[in-house]
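data.txt (compact mmCIF, C-alpha atoms)
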# COMPACT_ATOMS: atom_id res chain seq x y z
CA MET X 1 35.16 28.53 -15.82
CA ASN X 2 33.81 25.49 -17.58
CA GLY X 3 36.09 23.20 -15.62
CA ILE X 4 34.95 24.64 -12.31
CA LEU X 5 31.32 24.22 -13.34
CA ASP X 6 31.96 20.60 -14.29
CA ILE X 7 33.69 19.91 -10.99
CA VAL X 8 30.90 21.48 -8.95
CA SER X 9 28.26 19.62 -10.95
CA GLY X 10 30.04 16.29 -10.53
CA LEU X 11 30.45 16.92 -6.81
CA LEU X 12 26.75 17.66 -6.43
CA MET X 13 25.77 14.55 -8.37
CA VAL X 14 28.08 12.24 -6.45
CA SER X 15 26.96 13.59 -3.08
CA GLY X 16 23.35 13.20 -4.20
CA ALA X 17 24.10 9.62 -5.22
CA LEU X 18 25.60 9.00 -1.78
CA PHE X 19 22.43 10.32 -0.14
CA VAL X 20 20.28 8.13 -2.38
CA LEU X 21 22.42 5.10 -1.53
CA ALA X 22 22.15 5.85 2.19
CA GLY X 23 18.37 5.98 1.79
CA GLY X 24 18.36 2.61 0.07
CA ILE X 25 20.49 1.03 2.80
CA GLY X 26 18.27 2.59 5.45
CA ALA X 27 15.12 1.28 3.80
CA LEU X 28 16.60 -2.21 3.70
CA ARG X 29 18.29 -2.41 7.10
CA MET X 30 16.08 -0.46 9.50
CA PRO X 31 14.15 -2.61 11.98
CA ASP X 32 10.68 -1.13 11.68
CA PHE X 33 8.30 0.23 9.06
CA TYR X 34 8.32 3.75 10.48
CA THR X 35 12.09 3.93 10.72
CA ARG X 36 12.28 2.62 7.16
CA ILE X 37 9.92 5.29 5.87
CA HIS X 38 11.95 7.87 7.81
CA GLY X 39 15.16 6.96 6.04
CA ALA X 40 13.58 6.54 2.63
CA SER X 41 11.54 9.74 2.61
CA LEU X 42 14.23 12.06 3.98
CA THR X 43 16.78 10.94 1.43
CA ASP X 44 14.11 11.03 -1.25
CA SER X 45 13.84 14.77 -0.66
CA LEU X 46 17.55 15.65 -0.59
CA GLY X 47 18.97 13.18 -3.12
CA PRO X 48 16.97 14.35 -6.15
CA VAL X 49 17.72 17.99 -5.31
CA LEU X 50 21.46 17.35 -5.44
CA VAL X 51 21.43 15.06 -8.49
CA LEU X 52 19.07 17.18 -10.58
CA GLY X 53 20.86 20.36 -9.42
CA GLY X 54 24.12 18.94 -10.71
CA LEU X 55 22.47 18.09 -14.02
CA MET X 56 21.05 21.62 -14.22
CA LEU X 57 24.55 23.06 -13.78
CA GLN X 58 25.73 20.87 -16.67
CA SER X 59 22.92 21.74 -19.03
CA GLY X 60 23.29 25.53 -18.80
CA LEU X 61 20.36 27.82 -19.47
CA SER X 62 18.03 26.07 -21.88
CA LEU X 63 14.79 24.18 -22.21
CA VAL X 64 16.50 21.16 -20.65
CA THR X 65 17.01 23.09 -17.43
CA LEU X 66 13.35 23.99 -17.43
CA LYS X 67 12.39 20.33 -17.79
CA LEU X 68 14.76 19.37 -15.00
CA ALA X 69 13.24 22.07 -12.80
CA ALA X 70 9.77 20.73 -13.58
CA VAL X 71 10.82 17.19 -12.61
CA LEU X 72 12.43 18.52 -9.44
CA LEU X 73 9.39 20.59 -8.48
CA PHE X 74 7.10 17.65 -9.05
CA LEU X 75 9.28 15.32 -7.01
CA MET X 76 9.47 17.85 -4.19
CA ILE X 77 5.67 18.03 -4.07
CA THR X 78 4.78 14.39 -4.50
CA SER X 79 7.47 12.56 -2.54
CA PRO X 80 6.56 13.93 0.92
CA THR X 81 2.88 13.61 0.07
CA ALA X 82 3.27 9.96 -0.82
CA SER X 83 5.31 9.33 2.32
CA TYR X 84 2.68 11.04 4.45
CA ALA X 85 -0.14 9.07 2.86
CA LEU X 86 1.78 5.85 3.35
CA ALA X 87 2.55 6.48 7.03
CA ASN X 88 -1.01 7.65 7.66
CA ALA X 89 -2.51 4.58 6.04
CA ALA X 90 -0.19 2.29 8.00
CA LEU X 91 -1.04 4.01 11.28
CA LEU X 92 -4.78 3.94 10.60
CA SER X 93 -4.65 0.26 9.70
CA GLY X 94 -3.26 -0.57 13.13
CA LEU X 95 0.44 -0.96 12.37
CA ARG X 96 2.34 0.29 15.43
CA PRO X 97 6.02 1.14 15.86
CA ALA X 98 8.15 -1.60 17.38
CA GLY X 99 8.32 -1.33 21.15
CA TYR X 100 5.36 1.02 21.35
CA ALA X 101 2.75 -0.08 23.89
CA GLY X 102 -0.11 1.59 22.03
CA THR X 103 -2.18 4.70 22.42
CA PRO X 104 -3.85 5.25 25.83
CA GLY X 105 -7.17 4.07 24.38
CA GLU X 106 -5.66 0.82 23.18
CA GLN X 107 -3.99 0.27 26.53
CA LEU X 108 -7.34 0.75 28.24
CA GLU X 109 -8.92 -1.77 25.90
CA LYS X 110 -6.24 -4.32 26.63
CA GLY X 111 -6.43 -3.60 30.33
CA GLU X 112 -2.71 -3.04 30.62
CA ARG X 113 -2.94 0.53 31.79
CA SER X 114 -1.86 0.91 35.40
CA MET P 1 30.59 11.31 -12.64
CA LEU P 2 27.40 10.54 -14.52
CA LEU P 3 28.22 6.86 -14.59
CA VAL P 4 29.12 6.78 -10.89
CA THR P 5 25.79 8.40 -10.07
CA ALA P 6 23.95 5.97 -12.34
CA VAL P 7 25.60 2.97 -10.69
CA ALA P 8 24.77 4.26 -7.20
CA ILE P 9 21.15 4.78 -8.22
CA LEU P 10 21.02 1.29 -9.70
CA ALA P 11 22.38 -0.17 -6.46
CA THR P 12 19.70 1.71 -4.54
CA MET P 13 17.07 0.30 -6.88
CA ALA P 14 18.35 -3.18 -6.12
CA LEU P 15 18.11 -2.49 -2.38
CA ALA P 16 14.56 -1.18 -2.77
CA LEU P 17 13.67 -4.30 -4.73
CA ALA P 18 15.05 -6.46 -1.95
CA ARG P 19 12.89 -4.60 0.56
CA ALA P 20 9.87 -5.03 -1.71
CA ILE P 21 10.45 -8.77 -1.77
CA LEU P 22 11.31 -9.12 1.93
CA GLY P 23 8.84 -6.58 3.30
CA PRO P 24 6.69 -8.13 6.02
CA SER P 25 3.71 -5.81 5.59
CA VAL P 26 2.09 -4.46 2.46
CA TYR P 27 3.15 -0.94 3.44
CA ASP P 28 6.81 -1.90 3.32
CA ARG P 29 6.25 -3.09 -0.22
CA VAL P 30 4.45 0.10 -1.22
CA LEU P 31 7.27 2.13 0.32
CA ALA P 32 9.84 0.14 -1.66
CA VAL P 33 7.88 0.56 -4.89
CA ASN P 34 7.62 4.30 -4.26
CA MET P 35 11.39 4.49 -3.72
CA PHE P 36 11.95 2.44 -6.85
CA GLY P 37 9.83 4.84 -8.90
CA THR P 38 11.64 7.91 -7.60
CA LYS P 39 14.99 6.33 -8.35
CA THR P 40 13.76 5.45 -11.83
CA VAL P 41 13.02 9.12 -12.45
CA LEU P 42 16.52 10.04 -11.28
CA LEU P 43 18.09 7.30 -13.38
CA LEU P 44 16.20 8.47 -16.47
CA ALA P 45 17.45 12.03 -15.95
CA VAL P 46 21.04 10.91 -15.43
CA MET P 47 21.01 8.53 -18.39
CA ALA P 48 19.53 11.27 -20.57
CA PHE P 49 22.71 13.24 -19.98
CA ALA P 50 25.02 10.23 -20.16
CA VAL P 51 23.66 9.13 -23.53
CA GLY P 52 23.19 12.67 -24.75
CA ARG P 53 19.49 12.40 -25.55
CA THR P 54 17.70 14.93 -23.41
CA ASP P 55 14.34 13.77 -24.75
CA PHE P 56 14.38 11.27 -21.92
CA LEU P 57 13.51 14.08 -19.50
CA ASP P 58 9.94 14.04 -20.79
CA LEU P 59 9.78 10.37 -19.94
CA ALA P 60 11.11 11.15 -16.47
CA LEU P 61 8.39 13.74 -15.91
CA ALA P 62 5.67 11.37 -17.07
CA TYR P 63 7.08 8.61 -14.88
CA ALA P 64 7.06 10.86 -11.82
CA LEU P 65 3.37 11.64 -12.41
CA ILE P 66 2.39 8.00 -12.92
CA ASN P 67 4.41 6.86 -9.90
CA PHE P 68 2.63 9.24 -7.54
CA ILE P 69 -0.81 8.35 -8.81
CA GLY P 70 0.04 4.67 -8.69
CA VAL P 71 1.13 4.76 -5.05
CA LEU P 72 -2.04 6.58 -4.00
CA ALA P 73 -4.17 4.12 -5.98
CA VAL P 74 -2.52 1.14 -4.31
CA LEU P 75 -3.05 2.72 -0.89
CA TRP P 76 -6.74 3.27 -1.64
CA PHE P 77 -7.05 -0.32 -2.82
CA VAL P 78 -5.47 -1.66 0.36
CA LYS P 79 -7.67 0.49 2.58
CA ASP P 80 -10.88 -0.48 0.77
CA ASN P 81 -9.88 -4.12 0.92
CA GLN P 82 -9.32 -3.98 4.67
CA GLN P 83 -12.67 -2.25 5.25
CA HIS P 84 -14.46 -4.86 3.16
CA GLN P 85 -12.81 -7.66 5.07
CA GLN P 86 -13.75 -6.14 8.43
CA GLN P 87 -17.36 -5.69 7.37
CA HIS P 88 -17.45 -9.24 6.07
CA GLN P 89 -16.08 -10.64 9.32
CA GLN P 90 -18.56 -8.62 11.41
CA ARG P 91 -21.44 -9.79 9.28
CA ARG P 92 -20.30 -13.40 9.48
CA ARG P 93 -19.89 -13.21 13.25
CA ALA P 94 -23.37 -11.72 13.67
CA ARG P 95 -24.88 -14.43 11.47
CA ARG P 96 -23.04 -17.14 13.41
CA ASP P 97 -24.30 -15.78 16.72
CA ALA P 98 -27.84 -15.60 15.41
CA THR P 99 -27.82 -19.20 14.23
CA ALA P 100 -26.12 -20.37 17.41
CA SER P 101 -28.67 -18.73 19.69
CA ALA P 102 -31.55 -19.95 17.51
CA ALA P 103 -30.46 -23.58 17.33
CA GLY P 104 -29.23 -23.81 20.86
CA ASP P 105 -25.75 -24.84 19.81
CA PRO P 106 -22.88 -23.56 21.88
CA ALA P 107 -21.36 -20.56 20.17
CA PRO P 108 -17.97 -21.41 18.72
CA THR P 109 -15.41 -19.66 20.85
CA GLY P 110 -12.43 -17.86 19.44
CA PRO P 111 -8.90 -19.12 19.97
CA SER P 112 -8.34 -16.59 22.74
CA HIS P 113 -11.26 -17.83 24.84
CA PRO P 114 -11.16 -21.13 26.70
CA PRO P 115 -14.05 -23.45 25.92
CA ALA P 116 -16.92 -23.07 28.34
CA VAL P 117 -17.36 -25.85 30.86
CA GLN P 118 -20.58 -27.88 30.95
CA GLN P 119 -21.63 -26.86 27.48
CA ASP P 120 -24.17 -29.62 27.15
CA HIS P 121 -26.25 -28.83 30.19
CA LEU P 122 -26.80 -25.15 29.67
CA PRO P 123 -30.13 -24.02 28.23
CA ALA P 124 -30.24 -22.34 24.84
CA VAL P 125 -31.18 -18.90 26.13
CA ALA P 126 -28.24 -18.78 28.49
CA GLU P 127 -25.92 -19.87 25.67
CA GLY P 128 -27.11 -17.06 23.43
CA GLY P 129 -26.78 -14.53 26.18
CA SER P 130 -23.30 -15.68 27.08
CA SER P 131 -22.15 -15.57 23.47
CA VAL P 132 -23.47 -12.02 23.04
CA SER P 133 -21.76 -10.89 26.20
CA LYS P 134 -18.55 -12.56 25.06
CA ASP P 135 -18.64 -10.73 21.75
CA ALA P 136 -19.42 -7.44 23.44
CA ASP P 137 -16.48 -8.08 25.71
CA LYS P 138 -14.25 -8.91 22.77
CA SER P 139 -15.13 -5.93 20.59
What's the structure tokens form of this structure?
Amino acid sequence: MNGILDIVSGLLMVSGALFVLAGGIGALRMPDFYTRIHGASLTDSLGPVLVLGGLMLQSGLSLVTLKLAAVLLFLMITSPTASYALANAALLSGLRPAGYAGTPGEQLEKGERS
Amino acid sequence: MLLVTAVAILATMALALARAILGPSVYDRVLAVNMFGTKTVLLLAVMAFAVGRTDFLDLALAYALINFIGVLAVLWFVKDNQQHQQQHQQRRRARRDATASAAGDPAPTGPSHPPAVQQDHLPAVAEGGSSVSKDADKS
């Protein structure tokens, strides 16, 4: 029983670490700010769930599990909020995705709209 | 397993740091710092179990709180800074136009506009009017 729990917990943690690593590589290698925030924020939601879930399985039912659940809940609330605020601020400041010609209003201003 | 996870998280932190250094815009840097903070929370939780001191989880919780507030504060700072700079540039442009039309000097043209021909022979009123129309065209 204990061995199975350890194996499942280790599997969860290693898969979570793989997700986190994929997010880091995506944030470094993607060509554009919006693609970077895509990779970083998606893996920021799934990686902590897997890693902290594996730790919860190891700790059993105690106050430690409650603390881990609090950390997980807080991360699940704040990480998408921070990503949204970041993308919103970048969009409002005029940063556009690569290869995007602009909104129709901007195209009218530039006179490129056919 | 704990050590493998900790090493992977550390490698991700190094990648995020590289993006924070390389990032062309300020938002890339804020994104990298946000990632770094999240990974710090995860690393604290994992190391709490690896070392056997689960007190570290309190630190992880506090770090998650501070990280979120810090990212929002930096975003506010950047936005306020940009607004101030825009207002400053508008005010400076308006003042420049006013002095140019008053003194009869040709209004300094931006890099995107070619210099006007026959600047010396135009009267002051026409210069002021042309500069205003240029700015209205630009904005």
Nearest to Leu59 of chain P: which of X:Ile7, X:Leu55, X:Val20, X:Leu68 is it, counting all atoms listed in the file?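 Looking at the shortest contact to Leu59 of chain P, the residue is X:Leu68.
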Contact set, chain P to chain X: 6 Å, all atoms listed in the file, as a PyMOL selection string: chain P and resi 1+5+8+12+15+19+61
Quick one: residues within 6 Å of segment 28-32 of chain P, all atoms listed in the file, excluding same-chain residues fewer than 4 positions away - as a list in words?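 My list of contacting residues is Ala16, Ala20 and Gly23 of chain P.
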Store the residues of this selection in a file with C-alpha atoms, as a PDB file, in the frame of the given file.
ATOM      1  CA  ALA P  16      14.560  -1.180  -2.770  1.00  0.00           C
ATOM      2  CA  ALA P  20       9.870  -5.030  -1.710  1.00  0.00           C
ATOM      3  CA  GLY P  23       8.840  -6.580   3.300  1.00  0.00           C
TER       4      GLY P  23
END
Restricting to all atoms listed in the file, whichever of P:Tyr27, P:Ile69, P:Asn81, P:Ala98 is closest to Asn88 of chain X is P:Tyr27
In Å to one decimal, how far is atom CA of Ala14 of chain P from atom CA of Ala69 of chain X? 26.6 Å
If I take atom CA of Phe49 of chain P and atom CA of Leu5 of chain X, how far is one from the other in Å, to one decimal? 15.5 Å
Would you mind telling me which residue in P:Ala64, P:Ala73, P:Leu17, P:Ala11 lies nearest to Thr38 of chain P when using only C-alpha atoms? P:Ala64
Between atom CA of Ile21 of chain P and atom CA of Val71 of chain P, what is the distance in Å, rounded to a tenth?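 It comes out at 16.8 Å.
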Using only C-alpha atoms, which residue out of X:Leu91, X:Val8, X:Met30, X:Leu108 lies closest to Gly53 of chain X?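 Answer, going by the shortest atom-to-atom distance: X:Val8.
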So which residues touch Lys39 of chain P within 8 Å, counting all atoms listed in the file, skipping near sequence neighbours fewer than 5 positions away, as a list of chain:residue names?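 Contacts, with the query itself left out: P:Ile9, P:Leu10, P:Thr12, P:Met13.
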May I have the residues from that selection written out with C-alpha atoms, as a compact mmCIF listing (two decimals), in the coordinates of the input?
# COMPACT_ATOMS: atom_id res chain seq x y z
CA ILE P 9 21.15 4.78 -8.22
CA LEU P 10 21.02 1.29 -9.70
CA THR P 12 19.70 1.71 -4.54
CA MET P 13 17.07 0.30 -6.88
